[in-house]
>>> print(open('final29.pdb').read())   # PDB, C-alpha atoms
ATOM      1  CA  PRO U 171       0.000   0.000   0.000
ATOM      2  CA  GLY U 172       0.996   3.599  -0.552
ATOM      3  CA  LYS U 173       2.072   5.968   2.196
ATOM      4  CA  SER U 174      -1.448   7.441   2.364
ATOM      5  CA  LEU U 175      -2.926   4.191   3.742
ATOM      6  CA  ASP U 176      -4.208   4.432   7.315
ATOM      7  CA  LYS U 177      -5.503   0.896   7.863
ATOM      8  CA  ILE U 178      -6.650  -2.302   6.211
ATOM      9  CA  ILE U 179     -10.170  -3.444   7.093
ATOM     10  CA  LEU U 180     -10.864  -7.179   6.948
ATOM     11  CA  THR U 181     -14.521  -8.143   6.999
ATOM     12  CA  ALA U 182     -15.925 -11.296   8.600
ATOM     13  CA  SER U 183     -19.411 -12.776   8.441
ATOM     14  CA  GLY U 184     -19.212 -13.802  12.085
ATOM     15  CA  GLY U 185     -19.996 -17.406  11.169
ATOM     16  CA  PRO U 186     -22.879 -19.540  12.464
ATOM     17  CA  PHE U 187     -22.257 -18.647  16.124
ATOM     18  CA  ARG U 188     -22.184 -14.851  15.884
ATOM     19  CA  GLY U 189     -23.608 -13.373  19.086
ATOM     20  CA  LYS U 190     -23.280 -16.601  21.072
ATOM     21  CA  THR U 191     -21.701 -16.740  24.519
ATOM     22  CA  VAL U 192     -19.071 -19.179  25.751
ATOM     23  CA  ASP U 193     -21.735 -21.086  27.701
ATOM     24  CA  GLU U 194     -23.839 -21.429  24.550
ATOM     25  CA  LEU U 195     -20.874 -22.905  22.672
ATOM     26  CA  LYS U 196     -20.018 -25.634  25.185
ATOM     27  CA  ASN U 197     -22.068 -28.305  23.430
ATOM     28  CA  VAL U 198     -21.501 -27.319  19.801
ATOM     29  CA  THR U 199     -21.375 -30.304  17.451
ATOM     30  CA  LEU U 200     -19.513 -30.732  14.182
ATOM     31  CA  ALA U 201     -22.810 -30.443  12.299
ATOM     32  CA  ASP U 202     -23.514 -27.136  14.061
ATOM     33  CA  ALA U 203     -20.106 -25.727  13.106
ATOM     34  CA  LEU U 204     -20.610 -26.646   9.455
ATOM     35  CA  LYS U 205     -23.835 -24.659   9.061
ATOM     36  CA  HIS U 206     -22.435 -21.411   7.676
ATOM     37  CA  PRO U 207     -25.128 -18.781   7.048
ATOM     38  CA  ASN U 208     -23.652 -17.282   3.856
ATOM     39  CA  TRP U 209     -20.878 -19.352   2.341
ATOM     40  CA  SER U 210     -20.492 -22.859   0.943
ATOM     41  CA  MET U 211     -16.939 -23.934   1.775
ATOM     42  CA  GLY U 212     -14.966 -27.030   2.664
ATOM     43  CA  GLN U 213     -15.047 -28.526   6.144
ATOM     44  CA  LYS U 214     -11.793 -26.998   7.432
ATOM     45  CA  VAL U 215     -12.467 -23.445   6.210
ATOM     46  CA  THR U 216     -16.057 -23.543   7.463
ATOM     47  CA  ILE U 217     -14.929 -24.510  10.957
ATOM     48  CA  ASP U 218     -12.224 -21.823  10.835
ATOM     49  CA  SER U 219     -14.912 -19.307   9.929
ATOM     50  CA  SER U 220     -17.002 -20.353  12.924
ATOM     51  CA  THR U 221     -14.079 -19.798  15.330
ATOM     52  CA  LEU U 222     -12.825 -16.670  13.489
ATOM     53  CA  ALA U 223      -9.458 -18.418  13.099
ATOM     54  CA  ASN U 224      -9.796 -17.821   9.363
ATOM     55  CA  LYS U 225      -9.873 -14.084   9.945
ATOM     56  CA  GLY U 226      -6.900 -14.408  12.271
ATOM     57  CA  LEU U 227      -4.933 -16.087   9.491
ATOM     58  CA  GLU U 228      -5.931 -13.244   7.156
ATOM     59  CA  VAL U 229      -4.577 -10.748   9.693
ATOM     60  CA  ILE U 230      -1.222 -12.540   9.645
ATOM     61  CA  GLU U 231      -1.276 -12.716   5.847
ATOM     62  CA  ALA U 232      -2.139  -9.025   5.471
ATOM     63  CA  ARG U 233       0.610  -8.025   7.889
ATOM     64  CA  TRP U 234       3.247  -9.592   5.619
ATOM     65  CA  LEU U 235       1.654  -9.193   2.180
ATOM     66  CA  PHE U 236       1.162  -5.445   2.619
ATOM     67  CA  ASP U 237       3.944  -4.731   5.126
ATOM     68  CA  VAL U 238       1.719  -3.098   7.744
ATOM     69  CA  PRO U 239       1.805  -3.642  11.520
ATOM     70  CA  PRO U 240      -1.140  -5.490  13.146
ATOM     71  CA  SER U 241      -2.159  -2.208  14.785
ATOM     72  CA  ARG U 242      -3.193  -0.972  11.347
ATOM     73  CA  ILE U 243      -5.309  -4.028  10.538
ATOM     74  CA  GLU U 244      -8.901  -4.034  11.749
ATOM     75  CA  VAL U 245     -11.412  -6.887  11.680
ATOM     76  CA  VAL U 246     -15.070  -5.892  11.311
ATOM     77  CA  VAL U 247     -17.996  -8.309  11.459
ATOM     78  CA  GLN U 248     -20.309  -7.652   8.506
ATOM     79  CA  PRO U 249     -22.985 -10.387   8.651
ATOM     80  CA  GLN U 250     -24.366  -9.897   5.142
ATOM     81  CA  SER U 251     -20.981 -10.808   3.585
ATOM     82  CA  ILE U 252     -21.421  -8.129   0.928
ATOM     83  CA  ILE U 253     -18.339  -6.052   1.723
ATOM     84  CA  HIS U 254     -15.346  -8.269   1.044
ATOM     85  CA  SER U 255     -12.541  -5.872   1.898
ATOM     86  CA  ALA U 256     -11.845  -2.209   2.518
ATOM     87  CA  VAL U 257      -9.002   0.211   3.098
ATOM     88  CA  GLN U 258      -9.045   3.522   4.931
ATOM     89  CA  TYR U 259      -6.747   6.334   3.848
ATOM     90  CA  ASP U 260      -5.121   9.135   5.799
ATOM     91  CA  ASP U 261      -7.835  11.567   4.747
ATOM     92  CA  GLY U 262     -10.477   9.341   6.367
ATOM     93  CA  ALA U 263     -11.940   7.985   3.127
ATOM     94  CA  ILE U 264     -12.800   4.280   3.015
ATOM     95  CA  ILE U 265     -12.811   2.420  -0.284
ATOM     96  CA  ALA U 266     -14.531  -0.965  -0.179
ATOM     97  CA  GLN U 267     -15.219  -3.802  -2.597
ATOM     98  CA  LEU U 268     -18.787  -5.103  -2.576
ATOM     99  CA  GLY U 269     -20.098  -8.264  -4.151
ATOM    100  CA  THR U 270     -22.198 -11.360  -3.620
ATOM    101  CA  PRO U 271     -20.982 -13.999  -1.079
ATOM    102  CA  ASP U 272     -19.036 -15.829  -3.779
ATOM    103  CA  MET U 273     -15.324 -16.139  -4.569
ATOM    104  CA  LYS U 274     -15.777 -16.136  -8.353
ATOM    105  CA  ILE U 275     -15.202 -12.394  -8.699
ATOM    106  CA  PRO U 276     -11.942 -12.196  -6.695
ATOM    107  CA  ILE U 277     -10.608 -15.348  -8.373
ATOM    108  CA  GLN U 278     -11.354 -13.975 -11.849
ATOM    109  CA  TYR U 279      -9.907 -10.595 -10.895
ATOM    110  CA  ALA U 280      -6.693 -12.285  -9.736
ATOM    111  CA  PHE U 281      -6.354 -13.934 -13.142
ATOM    112  CA  PHE U 282      -7.241 -10.921 -15.285
ATOM    113  CA  TYR U 283      -5.967  -7.965 -13.166
ATOM    114  CA  PRO U 284      -6.264  -5.088 -13.899
ATOM    115  CA  GLU U 285      -9.036  -5.961 -16.383
ATOM    116  CA  ARG U 286     -12.581  -6.805 -15.288
ATOM    117  CA  PRO U 287     -14.133  -8.962 -18.022
ATOM    118  CA  TYR U 288     -17.822  -9.888 -17.956
ATOM    119  CA  LEU U 289     -18.784 -12.542 -15.432
ATOM    120  CA  ALA U 290     -22.224 -14.118 -15.533
ATOM    121  CA  GLY U 291     -24.073 -14.679 -12.302
ATOM    122  CA  GLU U 292     -26.023 -13.015  -9.527
ATOM    123  CA  ARG U 293     -25.570  -9.289  -8.900
ATOM    124  CA  VAL U 294     -25.886  -7.393  -5.624
ATOM    125  CA  ASP U 295     -29.330  -5.774  -5.521
ATOM    126  CA  LEU U 296     -28.951  -2.825  -3.164
ATOM    127  CA  PHE U 297     -32.712  -2.307  -2.928
ATOM    128  CA  LYS U 298     -33.255  -5.948  -1.981
ATOM    129  CA  LEU U 299     -30.297  -5.836   0.408
ATOM    130  CA  GLY U 300     -31.706  -2.810   2.197
ATOM    131  CA  SER U 301     -28.848  -2.306   4.643
ATOM    132  CA  ILE U 302     -25.366  -3.420   5.618
ATOM    133  CA  THR U 303     -24.542  -3.699   9.312
ATOM    134  CA  PHE U 304     -21.272  -3.758  11.214
ATOM    135  CA  GLU U 305     -20.219  -5.214  14.567
ATOM    136  CA  ARG U 306     -17.049  -5.414  16.609
ATOM    137  CA  PRO U 307     -15.769  -9.022  16.831
ATOM    138  CA  ASP U 308     -16.161 -10.695  20.221
ATOM    139  CA  THR U 309     -12.564 -11.766  20.868
ATOM    140  CA  LYS U 310     -13.351 -12.981  24.388
ATOM    141  CA  THR U 311     -15.765 -15.620  23.111
ATOM    142  CA  PHE U 312     -13.859 -16.244  19.875
ATOM    143  CA  LYS U 313     -10.338 -16.271  21.300
ATOM    144  CA  ALA U 314      -8.706 -17.582  18.124
ATOM    145  CA  LEU U 315      -8.846 -14.103  16.591
ATOM    146  CA  ALA U 316      -7.167 -12.511  19.612
ATOM    147  CA  LEU U 317      -4.514 -15.234  19.584
ATOM    148  CA  ALA U 318      -3.810 -14.578  15.905
ATOM    149  CA  PHE U 319      -3.278 -10.882  16.612
ATOM    150  CA  GLU U 320      -0.894 -11.868  19.412
ATOM    151  CA  ALA U 321       1.031 -14.102  17.016
ATOM    152  CA  ALA U 322       1.163 -11.368  14.391
ATOM    153  CA  ARG U 323       2.499  -8.839  16.920
ATOM    154  CA  THR U 324       5.094 -11.242  18.319
ATOM    155  CA  GLU U 325       6.241 -12.407  14.864
ATOM    156  CA  GLY U 326       9.114 -14.888  14.602
ATOM    157  CA  SER U 327       7.918 -18.477  14.725
ATOM    158  CA  LEU U 328       4.667 -17.767  16.606
ATOM    159  CA  PRO U 329       2.435 -17.244  13.531
ATOM    160  CA  CYS U 330       3.544 -20.695  12.324
ATOM    161  CA  VAL U 331       2.616 -22.121  15.730
ATOM    162  CA  PHE U 332      -0.828 -20.488  15.556
ATOM    163  CA  ASN U 333      -1.479 -21.951  12.116
ATOM    164  CA  ALA U 334      -0.240 -25.446  12.949
ATOM    165  CA  ALA U 335      -2.043 -25.544  16.298
ATOM    166  CA  ASN U 336      -5.272 -24.548  14.593
ATOM    167  CA  GLU U 337      -4.789 -27.272  11.962
ATOM    168  CA  ARG U 338      -4.274 -29.893  14.668
ATOM    169  CA  ALA U 339      -7.143 -28.618  16.825
ATOM    170  CA  VAL U 340      -9.630 -28.684  13.952
ATOM    171  CA  MET U 341      -8.550 -32.228  13.074
ATOM    172  CA  ASP U 342      -9.095 -33.271  16.686
ATOM    173  CA  PHE U 343     -12.492 -31.557  16.833
ATOM    174  CA  VAL U 344     -13.617 -33.265  13.632
ATOM    175  CA  SER U 345     -12.526 -36.652  14.979
ATOM    176  CA  GLY U 346     -14.265 -36.026  18.297
ATOM    177  CA  LYS U 347     -11.105 -35.863  20.424
ATOM    178  CA  ILE U 348     -11.740 -32.338  21.709
ATOM    179  CA  SER U 349     -14.743 -30.056  22.136
ATOM    180  CA  TYR U 350     -15.493 -27.041  19.988
ATOM    181  CA  LEU U 351     -14.172 -24.648  22.643
ATOM    182  CA  GLY U 352     -11.136 -26.914  22.876
ATOM    183  CA  ILE U 353      -9.956 -25.565  19.511
ATOM    184  CA  ALA U 354      -9.009 -22.142  20.886
ATOM    185  CA  GLU U 355      -7.841 -23.696  24.145
ATOM    186  CA  PHE U 356      -5.398 -25.940  22.276
ATOM    187  CA  ILE U 357      -4.096 -23.022  20.192
ATOM    188  CA  GLU U 358      -3.529 -20.909  23.321
ATOM    189  CA  LYS U 359      -1.838 -23.737  25.230
ATOM    190  CA  THR U 360       0.448 -24.514  22.289
ATOM    191  CA  MET U 361       1.405 -20.869  21.792
ATOM    192  CA  ASN U 362       2.111 -20.399  25.491
ATOM    193  CA  SER U 363       4.401 -23.441  25.617
ATOM    194  CA  HIS U 364       6.383 -22.451  22.516
ATOM    195  CA  LYS U 365       9.767 -20.755  22.801
ATOM    196  CA  VAL U 366       9.691 -18.204  20.000
ATOM    197  CA  ILE U 367      12.422 -18.321  17.382
ATOM    198  CA  LYS U 368      13.033 -14.730  16.340
ATOM    199  CA  ASN U 369      14.203 -15.416  12.772
ATOM    200  CA  PRO U 370      13.100 -18.945  11.862
ATOM    201  CA  GLY U 371      14.396 -20.611   8.724
ATOM    202  CA  LEU U 372      12.396 -22.861   6.433
ATOM    203  CA  ASN U 373      13.529 -25.998   8.273
ATOM    204  CA  ASP U 374      12.432 -24.461  11.575
ATOM    205  CA  ILE U 375       8.992 -23.698  10.197
ATOM    206  CA  ILE U 376       8.555 -27.166   8.703
ATOM    207  CA  SER U 377       9.728 -28.820  11.923
ATOM    208  CA  ILE U 378       7.420 -26.715  14.115
ATOM    209  CA  GLY U 379       4.426 -27.468  11.906
ATOM    210  CA  GLU U 380       5.094 -31.201  11.748
ATOM    211  CA  ASP U 381       5.704 -31.494  15.501
ATOM    212  CA  ILE U 382       2.415 -29.779  16.335
ATOM    213  CA  ILE U 383       0.214 -31.333  13.681
ATOM    214  CA  TYR U 384       1.576 -34.883  13.816
ATOM    215  CA  GLY U 385       3.269 -34.943  17.214
TER     216      GLY U 385
END
>>> encode(input="final29.pdb", output="structure tokens")
Amino acid sequence: PGKSLDKIILTASGGPFRGKTVDELKNVTLADALKHPNWSMGQKVTIDSSTLANKGLEVIEARWLFDVPPSRIEVVVQPQSIIHSAVQYDDGAIIAQLGTPDMKIPIQYAFFYPERPYLAGERVDLFKLGSITFERPDTKTFKALALAFEAARTEGSLPCVFNAANERAVMDFVSGKISYLGIAEFIEKTMNSHKVIKNPGLNDIISIGEDIIYG
């Protein structure tokens, strides 16, 4: 981003458990976690969306892809999934991309950038939509997002630990070894027990990931 960028805004749907409390999530089943309100995705990504771990991974990605500190990355819950991304500039202006809850547009745009060829399919009907709402993410209930920010701020090997711990925790949840709330608990426990490597090499990253996921 140019020097005039103030912050990157990442939007999240909030997943199937938006607004739920920790007590209400104690008995969540795999079937519950796979009922996303807006998107049709694979099992792993759908579960990540329900815990907000997916948005945490996007925070880490944005930090490195666009060379901005985590303090200039903001996550906003936008339940309609119409705003896909936005940036705010130093003058206060926000420029956002709107579209249907579908990845066809961004995938096509990635292939044809900077051109925007015709793409058949549903269009956003602003009159039918009526309104777009925004909420602050609940990082106390959905701790995975807060843990991802912590990893992004710490840097070094900790983002790798967050990613690998989430991979392992989701696998264990799917197989019935841990509860739904156990996903974030496992990530936190693994991060807390890890001795951060300040400048990890590729072998370090591979070893950390394998030890956590398959250890």
>>> atom_distance(input="final29.pdb", atom1="atom CA of U:Tyr259", atom2="atom CA of U:Val229")
18.2 Å
>>> closest_residue(input="final29.pdb", among="U:Ser241, U:Thr270, U:Gln250, U:Thr360", to="U:Pro329", atoms="all atoms listed in the file")
U:Thr360
>>> atom_distance(input="final29.pdb", atom1="atom CA of U:Glu231", atom2="atom CA of U:Arg293")
28.6 Å
>>> resolve_selection(input="final29.pdb", expression="the PyMOL selection byres ((chain U and resi 188) around 10)", output="ChimeraX atom specification")
/U:183-187,189-191,220-222,247,249,305,307-308,311-312
>>> closest_residue(input="final29.pdb", among="U:Ile357, U:Ala203, U:Leu289, U:Leu315", to="U:Ile277", atoms="all atoms listed in the file")
U:Leu289
>>> closest_residue(input="final29.pdb", among="U:Arg286, U:Asp202, U:Arg233, U:Asn197", to="U:Ala322", atoms="all atoms listed in the file")
U:Arg233
>>> atom_distance(input="final29.pdb", atom1="atom CA of U:Ser363", atom2="atom CA of U:Ala339")
15.4 Å
>>> axis_aligned_box(input="final29.pdb", around="stretch 304-316 of chain U", padding_each_side="5 Å", output="lines of an AutoDock Vina configuration file")
center_x = -14.2
center_y = -10.7
center_z = 17.8
size_x = 24.1
size_y = 23.8
size_z = 23.2
>>> resolve_selection(input="final29.pdb", expression="the PyMOL selection byres ((chain U and resi 349) around 12)", output="PyMOL selection string")
chain U and resi 195-200+203+339-348+350-356
>>> closest_residue(input="final29.pdb", among="U:Val238, U:Ile264, U:Ala256, U:Ala318", to="U:Ala334", atoms="all atoms listed in the file")
U:Ala318
>>> residues_around(input="final29.pdb", residues="U:Glu228", least_positions_apart="2", cutoff="12 Å", atoms="all atoms listed in the file", output="MDAnalysis selection string")
chainID U and resid 178:182 218:219 222:226 230:236 240 243:245 255 315 318:319 322 329 333
>>> resolve_selection(input="final29.pdb", expression="the PyMOL selection byres ((chain U and resi 253) around 7)", output="ChimeraX atom specification")
/U:181,251-252,254-255,266-269
>>> closest_residue(input="final29.pdb", among="U:Gln258, U:Gln278, U:Thr309, U:Asn369", to="U:Leu328", atoms="all atoms listed in the file")
U:Asn369
>>> residues_around(input="final29.pdb", residues="U:Glu285", least_positions_apart="5", cutoff="12 Å", atoms="all atoms listed in the file", output="CSV table (one decimal) with C-alpha atoms, keeping the file's coordinate frame")
chain,number,residue,atom,x,y,z
U,275,ILE,CA,-15.2,-12.4,-8.7
U,276,PRO,CA,-11.9,-12.2,-6.7
U,278,GLN,CA,-11.4,-14.0,-11.8
U,279,TYR,CA,-9.9,-10.6,-10.9
U,280,ALA,CA,-6.7,-12.3,-9.7
>>> closest_residue(input="final29.pdb", among="U:Ala335, U:Ile302, U:Leu175, U:Val257", to="U:Gly385", atoms="only C-alpha atoms")
U:Ala335
>>> build_atoms(input="final29.pdb", residues="stretch 366-380 of chain U", atoms="N, CA and C atoms", output="CSV table (one decimal), keeping the file's coordinate frame")
chain,number,residue,atom,x,y,z
U,366,VAL,N,9.7,-18.9,21.3
U,366,VAL,CA,9.7,-18.2,20.0
U,366,VAL,C,11.1,-18.1,19.4
U,367,ILE,N,11.2,-18.5,18.2
U,367,ILE,CA,12.4,-18.3,17.4
U,367,ILE,C,12.3,-17.0,16.6
U,368,LYS,N,13.2,-16.1,16.9
U,368,LYS,CA,13.0,-14.7,16.3
U,368,LYS,C,13.1,-14.7,14.8
U,369,ASN,N,14.1,-15.4,14.2
U,369,ASN,CA,14.2,-15.4,12.8
U,369,ASN,C,14.3,-16.9,12.3
U,370,PRO,N,13.1,-17.5,12.2
U,370,PRO,CA,13.1,-18.9,11.9
U,370,PRO,C,13.4,-19.1,10.4
U,371,GLY,N,14.1,-20.2,10.1
U,371,GLY,CA,14.4,-20.6,8.7
U,371,GLY,C,13.3,-21.6,8.2
U,372,LEU,N,13.4,-22.0,7.0
U,372,LEU,CA,12.4,-22.9,6.4
U,372,LEU,C,12.3,-24.2,7.2
U,373,ASN,N,13.5,-24.7,7.5
U,373,ASN,CA,13.5,-26.0,8.3
U,373,ASN,C,12.9,-25.9,9.6
U,374,ASP,N,13.1,-24.7,10.3
U,374,ASP,CA,12.4,-24.5,11.6
U,374,ASP,C,10.9,-24.5,11.4
U,375,ILE,N,10.4,-23.8,10.4
U,375,ILE,CA,9.0,-23.7,10.2
U,375,ILE,C,8.4,-25.1,9.9
U,376,ILE,N,9.0,-25.8,9.0
U,376,ILE,CA,8.6,-27.2,8.7
U,376,ILE,C,8.5,-28.1,9.9
U,377,SER,N,9.6,-28.0,10.7
U,377,SER,CA,9.7,-28.8,11.9
U,377,SER,C,8.7,-28.5,12.9
U,378,ILE,N,8.4,-27.2,13.2
U,378,ILE,CA,7.4,-26.7,14.1
U,378,ILE,C,6.0,-27.2,13.7
U,379,GLY,N,5.7,-27.0,12.4
U,379,GLY,CA,4.4,-27.5,11.9
U,379,GLY,C,4.2,-29.0,12.0
U,380,GLU,N,5.2,-29.7,11.7
U,380,GLU,CA,5.1,-31.2,11.7
U,380,GLU,C,5.0,-31.7,13.2
